[in-house]
Structure formats: C-alpha cells, structure tokens
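Data from upload-v2.txt: compact mmCIF, C-alpha atoms
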# COMPACT_ATOMS: atom_id res chain seq x y z
CA MET A 1 102.02 -24.21 33.84
CA THR A 2 101.07 -24.01 30.23
CA THR A 3 99.92 -20.67 29.02
CA LYS A 4 97.98 -20.20 25.86
CA ASN A 5 98.14 -17.20 23.59
CA GLU A 6 95.90 -16.18 20.73
CA ARG A 7 96.27 -13.17 18.51
CA LEU A 8 93.55 -11.73 16.35
CA ASP A 9 93.60 -8.83 13.91
CA ILE A 10 90.87 -6.21 14.26
CA ARG A 11 90.11 -4.78 10.82
CA SER A 12 86.31 -4.88 10.47
CA SER A 13 83.16 -5.00 12.58
CA ASP A 14 83.06 -8.77 11.95
CA ASP A 15 86.40 -8.92 13.73
CA VAL A 16 84.80 -7.28 16.78
CA VAL A 17 82.41 -10.26 16.89
CA ARG A 18 85.41 -12.62 16.53
CA VAL A 19 87.14 -10.89 19.45
CA ARG A 20 84.03 -11.53 21.58
CA GLN A 21 84.06 -15.22 20.56
CA LEU A 22 87.78 -15.59 21.25
CA THR A 23 87.34 -13.88 24.63
CA ARG A 24 84.50 -16.26 25.51
CA THR A 25 86.59 -19.33 24.62
CA MET A 26 89.57 -18.06 26.61
CA ALA A 27 87.43 -16.97 29.59
CA LEU A 28 85.97 -20.48 29.74
CA ALA A 29 89.48 -21.96 29.62
CA ALA A 30 90.50 -19.66 32.47
CA GLY A 31 87.57 -21.01 34.50
CA LEU A 32 85.85 -17.64 34.95
CA SER A 33 82.29 -17.62 36.30
CA LEU A 34 79.39 -16.77 33.99
CA VAL A 35 79.14 -13.20 35.29
CA ASP A 36 82.91 -12.69 35.00
CA GLN A 37 82.86 -14.13 31.47
CA THR A 38 80.07 -11.74 30.53
CA LYS A 39 81.98 -8.80 32.00
CA ILE A 40 85.24 -9.45 30.20
CA ILE A 41 83.51 -10.27 26.88
CA THR A 42 81.64 -6.96 27.13
CA ALA A 43 84.84 -5.09 28.00
CA ALA A 44 86.61 -6.79 25.07
CA SER A 45 83.80 -5.76 22.73
CA GLU A 46 84.14 -2.11 23.79
CA LEU A 47 87.92 -2.11 23.42
CA ALA A 48 87.88 -3.95 20.08
CA ARG A 49 85.46 -1.36 18.74
CA ASN A 50 87.72 1.46 19.99
CA THR A 51 90.68 -0.20 18.25
CA LEU A 52 88.69 -0.32 15.03
CA ASP A 53 86.87 3.04 15.13
CA TYR A 54 89.50 5.27 16.72
CA GLY A 55 92.74 3.36 16.18
CA GLY A 56 92.05 2.55 12.54
CA GLY A 57 92.41 -1.16 13.28
CA GLY A 58 94.98 -3.18 15.17
CA PHE A 59 95.06 -6.44 17.04
CA VAL A 60 94.23 -8.15 20.31
CA LEU A 61 96.44 -10.59 22.16
CA ALA A 62 94.55 -12.91 24.53
CA GLU A 63 96.62 -14.73 27.16
CA LEU A 64 95.75 -17.24 29.82
CA VAL A 65 97.79 -16.12 32.81
CA GLU A 66 98.50 -17.38 36.28
CA ALA A 67 99.68 -15.44 39.30
CA VAL A 68 99.82 -16.41 42.96
CA GLY A 69 97.87 -19.55 42.21
CA ARG A 70 95.04 -17.72 40.45
CA ARG A 71 94.13 -18.16 36.84
CA GLY A 72 92.97 -15.32 34.72
CA LEU A 73 92.58 -13.86 31.27
CA LYS A 74 94.65 -10.95 30.05
CA LEU A 75 93.79 -9.03 26.90
CA THR A 76 96.06 -6.53 25.16
CA PHE A 77 94.58 -4.24 22.50
CA GLU A 78 97.05 -2.37 20.35
CA ASP A 79 96.74 0.02 17.45
CA HIS A 80 98.97 2.48 15.65
CA GLY A 81 96.28 5.09 15.19
CA PRO A 82 96.25 8.76 16.14
CA GLY A 83 96.45 8.04 19.89
CA ILE A 84 94.58 9.75 22.70
CA ALA A 85 95.64 13.26 23.68
CA ASP A 86 93.83 13.40 27.03
CA ILE A 87 93.48 9.94 28.56
CA ASN A 88 91.76 11.19 31.73
CA ALA A 89 89.05 12.85 29.66
CA ALA A 90 88.66 9.74 27.50
CA LEU A 91 88.08 7.61 30.60
CA LYS A 92 85.17 9.77 31.74
CA ASP A 93 81.66 8.50 31.06
CA GLY A 94 79.93 10.42 28.34
CA PHE A 95 83.18 11.38 26.63
CA SER A 96 83.03 10.46 22.98
CA THR A 97 84.58 11.78 19.83
CA GLY A 98 82.73 9.20 17.76
CA LYS A 99 79.38 7.54 17.35
CA GLY A 100 79.31 5.73 20.68
CA MET A 101 77.78 6.68 23.99
CA GLY A 102 81.14 7.34 25.59
CA PHE A 103 81.03 4.40 27.98
CA GLY A 104 83.61 2.29 26.17
CA LEU A 105 86.87 3.04 27.95
CA GLY A 106 85.52 3.85 31.41
CA GLY A 107 83.10 0.93 31.18
CA ALA A 108 85.85 -1.49 30.17
CA ARG A 109 87.88 -0.32 33.17
CA ARG A 110 84.98 -0.94 35.55
CA LEU A 111 84.40 -4.41 34.10
CA SER A 112 88.02 -5.48 34.60
CA ASN A 113 90.10 -6.35 37.66
CA GLU A 114 93.15 -4.74 36.09
CA PHE A 115 93.30 -1.97 33.56
CA SER A 116 96.13 0.04 32.07
CA ILE A 117 96.32 2.34 29.09
CA HIS A 118 99.28 3.83 27.26
CA SER A 119 98.81 6.22 24.42
CA LYS A 120 100.89 8.78 22.59
CA PRO A 121 99.45 11.18 20.03
CA GLY A 122 100.62 10.09 16.60
CA GLU A 123 101.89 6.70 17.78
CA GLY A 124 98.90 4.69 18.88
CA THR A 125 97.20 3.20 21.89
CA LYS A 126 97.71 0.10 23.98
CA VAL A 127 95.10 -1.04 26.51
CA VAL A 128 95.66 -4.02 28.80
CA ILE A 129 92.89 -5.56 30.89
CA ALA A 130 92.72 -8.66 33.04
CA ARG A 131 90.01 -10.55 34.87
CA TRP A 132 90.97 -13.09 37.55
CA LYS A 133 89.13 -16.16 38.70
CA MET B 1 73.26 -8.96 3.23
CA ASP B 2 72.42 -10.29 6.71
CA ARG B 3 69.15 -9.19 8.25
CA ILE B 4 67.32 -9.98 11.46
CA PRO B 5 63.74 -11.08 10.66
CA ILE B 6 60.86 -8.95 11.94
CA LEU B 7 57.58 -10.82 12.49
CA LYS B 8 54.12 -9.28 12.65
CA PHE B 9 52.05 -10.44 15.60
CA GLY B 10 48.64 -8.75 15.72
CA ASN B 11 49.45 -5.06 15.79
CA ALA B 12 52.86 -5.65 17.30
CA LEU B 13 56.23 -6.49 15.80
CA LEU B 14 58.31 -9.31 17.19
CA VAL B 15 62.08 -9.49 16.86
CA THR B 16 64.16 -12.33 18.22
CA ILE B 17 67.87 -11.64 18.12
CA GLN B 18 69.57 -15.00 17.83
CA VAL B 19 72.97 -14.12 16.46
CA ASP B 20 75.98 -12.32 17.83
CA MET B 21 75.33 -9.02 16.07
CA HIS B 22 78.05 -7.03 14.39
CA ASP B 23 77.50 -3.28 14.46
CA ARG B 24 76.18 -3.01 10.90
CA LEU B 25 73.55 -5.67 11.57
CA ALA B 26 72.38 -3.73 14.63
CA THR B 27 72.12 -0.52 12.62
CA THR B 28 70.18 -2.32 9.86
CA LEU B 29 67.73 -3.71 12.42
CA GLU B 30 67.16 -0.22 13.80
CA GLU B 31 66.34 1.09 10.31
CA ASP B 32 64.21 -1.93 9.30
CA LEU B 33 62.14 -1.71 12.48
CA THR B 34 61.50 1.98 12.01
CA SER B 35 60.13 1.50 8.48
CA LYS B 36 58.07 -1.57 9.52
CA ILE B 37 56.40 0.38 12.34
CA VAL B 38 55.17 2.93 9.82
CA GLU B 39 54.38 0.44 7.05
CA LEU B 40 52.29 -1.84 9.28
CA SER B 41 51.01 0.85 11.68
CA ALA B 42 52.41 -1.24 14.51
CA LYS B 43 51.60 -0.14 18.05
CA GLY B 44 54.18 -2.24 19.81
CA VAL B 45 57.66 -3.67 19.32
CA LEU B 46 58.84 -6.67 21.27
CA ILE B 47 62.54 -7.44 21.21
CA ASP B 48 63.64 -10.78 22.61
CA ILE B 49 67.31 -10.72 23.62
CA SER B 50 67.34 -13.98 25.59
CA ALA B 51 69.92 -15.45 23.19
CA LEU B 52 72.32 -12.52 23.60
CA GLU B 53 75.35 -13.37 25.72
CA ILE B 54 76.38 -9.74 26.01
CA VAL B 55 74.91 -6.29 25.47
CA ASP B 56 77.67 -3.75 25.00
CA SER B 57 77.32 0.02 24.65
CA PHE B 58 76.65 -0.21 20.92
CA ILE B 59 73.78 -2.70 21.26
CA GLY B 60 72.54 -0.80 24.32
CA ARG B 61 72.45 2.38 22.29
CA MET B 62 70.57 0.55 19.52
CA LEU B 63 67.91 -0.59 22.00
CA ASP B 64 67.64 2.96 23.38
CA ASN B 65 67.31 4.40 19.87
CA ILE B 66 64.65 1.90 18.81
CA ALA B 67 62.64 2.72 21.94
CA ALA B 68 62.96 6.47 21.36
CA VAL B 69 62.10 6.36 17.66
CA SER B 70 59.16 3.98 18.14
CA ARG B 71 57.78 6.25 20.88
CA ILE B 72 57.78 9.15 18.44
CA LEU B 73 55.98 6.89 15.95
CA ASP B 74 53.36 5.99 18.60
CA ALA B 75 54.58 2.46 19.27
CA ASP B 76 55.78 0.97 22.55
CA THR B 77 59.04 -0.98 22.74
CA VAL B 78 59.53 -3.72 25.29
CA VAL B 79 62.83 -5.59 25.61
CA VAL B 80 62.42 -9.08 27.05
CA GLY B 81 64.54 -11.99 28.17
CA MET B 82 67.69 -10.23 29.33
CA ARG B 83 70.01 -12.70 31.04
CA PRO B 84 70.91 -11.89 34.68
CA ALA B 85 74.67 -11.74 33.94
CA VAL B 86 73.94 -9.31 31.09
CA ALA B 87 71.88 -7.08 33.39
CA ILE B 88 74.66 -7.01 36.01
CA THR B 89 77.25 -6.18 33.36
CA LEU B 90 75.14 -3.45 31.74
CA VAL B 91 74.72 -1.59 35.01
CA GLU B 92 78.44 -1.83 35.76
CA LEU B 93 79.21 -0.66 32.24
CA GLY B 94 77.18 2.45 33.05
CA LEU B 95 74.13 1.84 30.87
CA SER B 96 70.84 1.62 32.69
CA LEU B 97 68.64 1.80 29.56
CA THR B 98 66.29 4.22 31.30
CA GLY B 99 64.29 4.84 28.14
CA VAL B 100 63.62 1.17 27.48
CA LYS B 101 60.71 -0.80 28.93
CA THR B 102 61.64 -4.32 29.93
CA ALA B 103 59.84 -7.52 30.89
CA LEU B 104 61.14 -10.89 32.00
CA ASN B 105 59.76 -12.88 29.08
CA VAL B 106 57.84 -12.63 25.81
CA GLU B 107 54.49 -13.37 27.48
CA ARG B 108 54.80 -10.55 30.00
CA GLY B 109 56.18 -8.22 27.36
CA MET B 110 53.22 -8.87 25.09
CA ALA B 111 50.87 -8.31 28.04
CA LEU B 112 52.48 -4.88 28.59
CA ILE B 113 51.89 -3.92 24.97
CA GLN B 114 48.29 -5.23 24.94
CA ALA B 115 47.50 -3.40 28.18
CA ARG B 116 48.64 -0.15 26.65
CA LEU B 117 46.54 -0.80 23.53
CA LYS B 118 43.42 -1.38 25.61
CA THR B 119 43.78 1.93 27.43
CA SER B 120 44.32 3.84 24.19
CA ASP B 121 41.33 2.07 22.58
CA SER B 122 39.00 3.27 25.32
CA GLU B 123 40.30 6.81 24.81
CA ASP B 124 41.57 6.73 28.36
CA ASP B 125 44.60 8.95 28.48
CA ASP B 126 45.56 8.02 32.03
CA GLU B 127 49.10 6.70 32.03
CA GLU B 128 50.13 4.80 35.09
Can you give me the file's structure in the form of structure tokens?
Amino acid sequence: MTTKNERLDIRSSDDVVRVRQLTRTMALAAGLSLVDQTKIITAASELARNTLDYGGGGFVLAELVEAVGRRGLKLTFEDHGPGIADINAALKDGFSTGKGMGFGLGGARRLSNEFSIHSKPGEGTKVVIARWK
Amino acid sequence: MDRIPILKFGNALLVTIQVDMHDRLATTLEEDLTSKIVELSAKGVLIDISALEIVDSFIGRMLDNIAAVSRILDADTVVVGMRPAVAITLVELGLSLTGVKTALNVERGMALIQARLKTSDSEDDDEE
C-alpha cells in the first residue's frame, strides 16, 4: 500500500490555517466521514495552535496510515519549546497557561481515536493523534 | 490587512464569515464588531457561520466574547447556520457555547432579534 506523507512548518497563525487545510485534504484521502473529518481538523487546529503558542513553533507530519485493513490519518506535532511540566494537569479541561479556554489538549484527545503525548521540560513536546475510518 | 465585512441591516449588524479565519482575523472581527455596535447603536448582531468547516476553541471563544460584550452594550448576538458536524465536534471538544444564542438560519436569527426589539419597544420587561 502506498502511504503519503506531508510535513508542514508551524511558525505563524497563517500556518495554523494551513495545517487545517492539509488535514482536510489528507482526511479526504483517508476516506474519513464528514463528521470524522471535522473532528480531526478541529483537533489539528488545537494542536497546531499549541505548537505555535506554547512550543514557540514547530512542525506537523501528516501520514496516511493503514492497519488491519483500516485506513486512517495520523498527525504528529513536534516542537522544541519549553515542554510541559505536568501533562496530567495540561490535559484537564479549563487548564490554560495562555490565552485559550483550556480545551485544546483534552479536546484534541477526545476528538481522536488515538492520542499520545511526550514532553520533557526544556526539550519540547510531541503529540501524536490518529483517526481511523 | 484582512477584515471581515460588517453589514448594517436595520438596527442589526450582519456578519457572514466566509473564510477560514486565522486567529488575528478573529480577534480583529471581535474588536470591529464592538466598535460598530456603539457607533451605529445596533441592537442585534447576527453572525452567519454556515461557511465554517470547523469551530475550534479559539473561534468558539471569539463567539462567546462577542455575545458577552454585545450583551453589555445592549445588543443581542445570534449565531446562525452552524453545520451539524461542527455542532457535534464542538460538544465533544467541550465547548457548549452556553452564552451564545443560536438559530438554524439567517431568517430565524433575524426573527429572534426583531422579537426582542418589539418587546423592548413596548417597554415590556418580561423576558421569556
């Protein structure tokens, strides 16, 4: 099976819009339903903004994936910012150190079928989400 | 600089969001609307989001803020045209936009605003 990868830098709020557009294109290619497309585009928007606002910029890698006969879209957001000291706290709704409402991380997790986060203070943050058809 | 146009419609303001908004554009709209409400003594704000493919927490917060600020300035905000997939996603995201009045389409949204104007015209303070 052919897999397709796209990488996009996240350096400005225009890039957050580009991440949404890339996610839409890839979600369509993965054959996701309209509701699933909407969910993963929204999750991608939250995570791209986190990468920009808290990580000081970074990139997203979008991959069309296939496992046990199912197609899906996997997104990896990576930055080399200050990292998150308390991941459990950051995942709670209403937790925010910035200008948002604090639904970004927890919301992105709820909107995805798979979610993982790795972060080390001083080294950066990596969030991986996937949505399956 | 990009701006979302704000149209005057009677004593209401009409905004149709037709582009995928970056965060700065959303913030500018919030500020523009606030000054237009005062400048034109608008009593209602109608925001049509039928072209929006997603509403994330930033845009959700913008809608909440516009509704809250316009309420303080004696204007009603009604958000119309939300797509079903967007509504499902918003609730799962954790935003229920409790402070924002909604209607299915522009016509019903305008009716909501006009109904409120009628009751305030007749000095009837009964809120439903």
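For stretch 3-5 of chain B, the non-local neighbours within 7 Å, defined as residues at least 2 positions apart in the same chain or in other chains and counting all atoms listed in the file, are B:Met1, B:Leu7, B:Val15, B:Ile17, B:Leu25, B:Leu29.
Take the candidates A:Gly83, A:Gly72, A:Gly106, A:Gly55 and check each one against chain B using all atoms listed in the file; the shortest distance goes to A:Gly106.
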Within 9 Å of chain A: each chain B residue with its shortest pair, all atoms listed in the file, as a Markdown table:
| residue | atom | partner | partner_atom | distance |
| --- | --- | --- | --- | --- |
| B:Asp20 | CA | A:Val17 | CA | 6.8 |
| B:Met21 | CA | A:Val17 | CA | 7.2 |
| B:His22 | CA | A:Ser13 | CA | 5.8 |
| B:Asp23 | CA | A:Ser13 | CA | 6.2 |
| B:Arg24 | CA | A:Ser13 | CA | 7.5 |
| B:Glu53 | CA | A:Thr38 | CA | 6.9 |
| B:Ile54 | CA | A:Thr42 | CA | 6.1 |
| B:Val55 | CA | A:Thr42 | CA | 7.0 |
| B:Asp56 | CA | A:Thr42 | CA | 5.5 |
| B:Ser57 | CA | A:Phe103 | CA | 6.6 |
| B:Phe58 | CA | A:Gly100 | CA | 6.5 |
| B:Arg61 | CA | A:Met101 | CA | 7.1 |
| B:Pro84 | CA | A:Val35 | CA | 8.4 |
| B:Ala85 | CA | A:Val35 | CA | 4.9 |
| B:Val86 | CA | A:Thr38 | CA | 6.6 |
| B:Ile88 | CA | A:Val35 | CA | 7.7 |
| B:Thr89 | CA | A:Lys39 | CA | 5.6 |
| B:Leu90 | CA | A:Lys39 | CA | 8.7 |
| B:Glu92 | CA | A:Arg110 | CA | 6.6 |
| B:Leu93 | CA | A:Gly107 | CA | 4.3 |
| B:Gly94 | CA | A:Gly107 | CA | 6.4 |
| B:Leu95 | CA | A:Phe103 | CA | 7.9 |
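Reported to one decimal place, the separation of atom CA of A:Ile87 from atom CA of A:Asn5 is 28.0 Å.
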Original post:
Looking at all atoms listed in the file, which of B:Ile72, B:Val38, B:Ile66, B:Leu117 is the one that sits closest to B:Lys101?
Top reply: B:Ile66
Subject >> Å distance separating atom CA of B:Lys43 from atom CA of B:Thr28, one decimal place >> reply: 20.4 Å
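Ranking A:Arg71, A:Asn113, A:Asp86, A:Val19 by their shortest atom-to-atom distance to A:Ala48, with all atoms listed in the file included, puts A:Val19 first.
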Written record: stretch 4-127 of chain B, C-alpha atoms, as a PDB file, in the first residue's frame:
ATOM      1  CA  ILE B   4     -14.376  40.519   7.682  1.00  0.00           C
ATOM      2  CA  PRO B   5     -17.077  42.924   6.414  1.00  0.00           C
ATOM      3  CA  ILE B   6     -19.825  44.003   8.802  1.00  0.00           C
ATOM      4  CA  LEU B   7     -23.120  44.993   7.153  1.00  0.00           C
ATOM      5  CA  LYS B   8     -25.829  47.158   8.680  1.00  0.00           C
ATOM      6  CA  PHE B   9     -29.322  45.717   8.351  1.00  0.00           C
ATOM      7  CA  GLY B  10     -31.941  47.920  10.014  1.00  0.00           C
ATOM      8  CA  ASN B  11     -30.755  48.229  13.584  1.00  0.00           C
ATOM      9  CA  ALA B  12     -28.846  44.976  13.429  1.00  0.00           C
ATOM     10  CA  LEU B  13     -25.369  44.085  12.211  1.00  0.00           C
ATOM     11  CA  LEU B  14     -24.831  41.177   9.875  1.00  0.00           C
ATOM     12  CA  VAL B  15     -21.565  39.280   9.605  1.00  0.00           C
ATOM     13  CA  THR B  16     -21.013  36.390   7.242  1.00  0.00           C
ATOM     14  CA  ILE B  17     -17.791  34.535   7.875  1.00  0.00           C
ATOM     15  CA  GLN B  18     -16.736  33.065   4.560  1.00  0.00           C
ATOM     16  CA  VAL B  19     -13.047  32.437   5.045  1.00  0.00           C
ATOM     17  CA  ASP B  20     -11.029  30.052   7.146  1.00  0.00           C
ATOM     18  CA  MET B  21     -10.112  32.554   9.845  1.00  0.00           C
ATOM     19  CA  HIS B  22      -6.656  32.797  11.311  1.00  0.00           C
ATOM     20  CA  ASP B  23      -6.579  33.892  14.939  1.00  0.00           C
ATOM     21  CA  ARG B  24      -5.699  37.522  14.249  1.00  0.00           C
ATOM     22  CA  LEU B  25      -8.638  37.880  11.868  1.00  0.00           C
ATOM     23  CA  ALA B  26     -10.969  36.535  14.551  1.00  0.00           C
ATOM     24  CA  THR B  27      -9.610  38.997  17.104  1.00  0.00           C
ATOM     25  CA  THR B  28      -9.990  41.889  14.634  1.00  0.00           C
ATOM     26  CA  LEU B  29     -13.612  40.914  13.977  1.00  0.00           C
ATOM     27  CA  GLU B  30     -14.302  40.918  17.710  1.00  0.00           C
ATOM     28  CA  GLU B  31     -12.893  44.449  18.031  1.00  0.00           C
ATOM     29  CA  ASP B  32     -14.564  45.776  14.857  1.00  0.00           C
ATOM     30  CA  LEU B  33     -17.964  44.461  15.925  1.00  0.00           C
ATOM     31  CA  THR B  34     -17.676  46.018  19.350  1.00  0.00           C
ATOM     32  CA  SER B  35     -16.967  49.487  17.942  1.00  0.00           C
ATOM     33  CA  LYS B  36     -19.694  49.141  15.264  1.00  0.00           C
ATOM     34  CA  ILE B  37     -22.312  48.271  17.898  1.00  0.00           C
ATOM     35  CA  VAL B  38     -21.584  51.533  19.676  1.00  0.00           C
ATOM     36  CA  GLU B  39     -21.105  53.627  16.532  1.00  0.00           C
ATOM     37  CA  LEU B  40     -24.393  52.524  14.934  1.00  0.00           C
ATOM     38  CA  SER B  41     -26.342  51.939  18.176  1.00  0.00           C
ATOM     39  CA  ALA B  42     -27.033  48.425  16.928  1.00  0.00           C
ATOM     40  CA  LYS B  43     -29.455  46.306  18.939  1.00  0.00           C
ATOM     41  CA  GLY B  44     -28.596  42.992  17.386  1.00  0.00           C
ATOM     42  CA  VAL B  45     -25.671  41.106  15.878  1.00  0.00           C
ATOM     43  CA  LEU B  46     -26.212  38.222  13.511  1.00  0.00           C
ATOM     44  CA  ILE B  47     -23.231  36.017  12.753  1.00  0.00           C
ATOM     45  CA  ASP B  48     -23.595  33.536   9.911  1.00  0.00           C
ATOM     46  CA  ILE B  49     -21.095  30.682  10.243  1.00  0.00           C
ATOM     47  CA  SER B  50     -22.633  28.369   7.635  1.00  0.00           C
ATOM     48  CA  ALA B  51     -19.425  28.503   5.567  1.00  0.00           C
ATOM     49  CA  LEU B  52     -17.216  27.472   8.504  1.00  0.00           C
ATOM     50  CA  GLU B  53     -15.991  23.888   8.260  1.00  0.00           C
ATOM     51  CA  ILE B  54     -14.750  23.889  11.832  1.00  0.00           C
ATOM     52  CA  VAL B  55     -15.148  25.911  15.006  1.00  0.00           C
ATOM     53  CA  ASP B  56     -12.228  25.295  17.330  1.00  0.00           C
ATOM     54  CA  SER B  57     -11.758  26.612  20.865  1.00  0.00           C
ATOM     55  CA  PHE B  58     -10.327  29.906  19.636  1.00  0.00           C
ATOM     56  CA  ILE B  59     -13.251  30.702  17.333  1.00  0.00           C
ATOM     57  CA  GLY B  60     -15.649  29.378  19.987  1.00  0.00           C
ATOM     58  CA  ARG B  61     -14.145  31.759  22.497  1.00  0.00           C
ATOM     59  CA  MET B  62     -14.469  34.612  19.994  1.00  0.00           C
ATOM     60  CA  LEU B  63     -18.192  33.885  19.568  1.00  0.00           C
ATOM     61  CA  ASP B  64     -18.618  33.725  23.352  1.00  0.00           C
ATOM     62  CA  ASN B  65     -16.772  37.022  23.794  1.00  0.00           C
ATOM     63  CA  ILE B  66     -18.773  38.808  21.108  1.00  0.00           C
ATOM     64  CA  ALA B  67     -22.009  37.632  22.736  1.00  0.00           C
ATOM     65  CA  ALA B  68     -20.858  38.752  26.193  1.00  0.00           C
ATOM     66  CA  VAL B  69     -19.584  42.155  25.086  1.00  0.00           C
ATOM     67  CA  SER B  70     -22.634  42.901  22.925  1.00  0.00           C
ATOM     68  CA  ARG B  71     -24.914  41.997  25.849  1.00  0.00           C
ATOM     69  CA  ILE B  72     -23.150  44.589  27.984  1.00  0.00           C
ATOM     70  CA  LEU B  73     -23.633  47.085  25.142  1.00  0.00           C
ATOM     71  CA  ASP B  74     -27.366  46.245  24.985  1.00  0.00           C
ATOM     72  CA  ALA B  75     -27.261  44.245  21.770  1.00  0.00           C
ATOM     73  CA  ASP B  76     -28.270  40.623  21.210  1.00  0.00           C
ATOM     74  CA  THR B  77     -25.972  38.202  19.390  1.00  0.00           C
ATOM     75  CA  VAL B  78     -27.374  35.291  17.433  1.00  0.00           C
ATOM     76  CA  VAL B  79     -25.097  32.756  15.719  1.00  0.00           C
ATOM     77  CA  VAL B  80     -26.746  31.072  12.745  1.00  0.00           C
ATOM     78  CA  GLY B  81     -26.048  28.331  10.243  1.00  0.00           C
ATOM     79  CA  MET B  82     -23.804  26.030  12.253  1.00  0.00           C
ATOM     80  CA  ARG B  83     -23.193  22.815  10.334  1.00  0.00           C
ATOM     81  CA  PRO B  84     -24.294  19.585  12.091  1.00  0.00           C
ATOM     82  CA  ALA B  85     -20.767  18.098  12.035  1.00  0.00           C
ATOM     83  CA  VAL B  86     -19.453  21.309  13.607  1.00  0.00           C
ATOM     84  CA  ALA B  87     -22.066  21.138  16.377  1.00  0.00           C
ATOM     85  CA  ILE B  88     -21.180  17.502  17.154  1.00  0.00           C
ATOM     86  CA  THR B  89     -17.476  18.338  17.239  1.00  0.00           C
ATOM     87  CA  LEU B  90     -17.929  21.428  19.429  1.00  0.00           C
ATOM     88  CA  VAL B  91     -19.761  19.470  22.100  1.00  0.00           C
ATOM     89  CA  GLU B  92     -17.130  16.728  22.074  1.00  0.00           C
ATOM     90  CA  LEU B  93     -14.408  19.359  22.250  1.00  0.00           C
ATOM     91  CA  GLY B  94     -16.050  20.548  25.466  1.00  0.00           C
ATOM     92  CA  LEU B  95     -17.485  23.863  24.295  1.00  0.00           C
ATOM     93  CA  SER B  96     -21.229  24.219  24.564  1.00  0.00           C
ATOM     94  CA  LEU B  97     -21.318  27.990  23.902  1.00  0.00           C
ATOM     95  CA  THR B  98     -23.838  28.462  26.704  1.00  0.00           C
ATOM     96  CA  GLY B  99     -23.685  32.250  26.449  1.00  0.00           C
ATOM     97  CA  VAL B 100     -24.437  32.330  22.736  1.00  0.00           C
ATOM     98  CA  LYS B 101     -27.928  32.379  21.228  1.00  0.00           C
ATOM     99  CA  THR B 102     -28.239  30.271  18.104  1.00  0.00           C
ATOM    100  CA  ALA B 103     -30.723  29.814  15.283  1.00  0.00           C
ATOM    101  CA  LEU B 104     -30.769  27.446  12.339  1.00  0.00           C
ATOM    102  CA  ASN B 105     -30.621  30.102   9.637  1.00  0.00           C
ATOM    103  CA  VAL B 106     -30.398  33.839   8.993  1.00  0.00           C
ATOM    104  CA  GLU B 107     -34.183  34.238   8.728  1.00  0.00           C
ATOM    105  CA  ARG B 108     -34.869  32.686  12.121  1.00  0.00           C
ATOM    106  CA  GLY B 109     -31.942  34.524  13.663  1.00  0.00           C
ATOM    107  CA  MET B 110     -33.262  37.854  12.422  1.00  0.00           C
ATOM    108  CA  ALA B 111     -36.719  36.953  13.759  1.00  0.00           C
ATOM    109  CA  LEU B 112     -35.167  36.370  17.204  1.00  0.00           C
ATOM    110  CA  ILE B 113     -33.545  39.800  17.155  1.00  0.00           C
ATOM    111  CA  GLN B 114     -36.699  41.556  15.884  1.00  0.00           C
ATOM    112  CA  ALA B 115     -38.832  39.831  18.527  1.00  0.00           C
ATOM    113  CA  ARG B 116     -36.571  41.129  21.236  1.00  0.00           C
ATOM    114  CA  LEU B 117     -36.712  44.647  19.772  1.00  0.00           C
ATOM    115  CA  LYS B 118     -40.501  44.626  19.780  1.00  0.00           C
ATOM    116  CA  THR B 119     -40.688  43.707  23.451  1.00  0.00           C
ATOM    117  CA  SER B 120     -38.199  46.412  24.422  1.00  0.00           C
ATOM    118  CA  ASP B 121     -40.067  48.978  22.284  1.00  0.00           C
ATOM    119  CA  SER B 122     -43.290  48.378  24.171  1.00  0.00           C
ATOM    120  CA  GLU B 123     -41.408  48.842  27.451  1.00  0.00           C
ATOM    121  CA  ASP B 124     -42.296  45.279  28.323  1.00  0.00           C
ATOM    122  CA  ASP B 125     -39.517  43.970  30.501  1.00  0.00           C
ATOM    123  CA  ASP B 126     -40.793  40.401  30.557  1.00  0.00           C
ATOM    124  CA  GLU B 127     -38.066  38.115  29.287  1.00  0.00           C
TER     125      GLU B 127
END
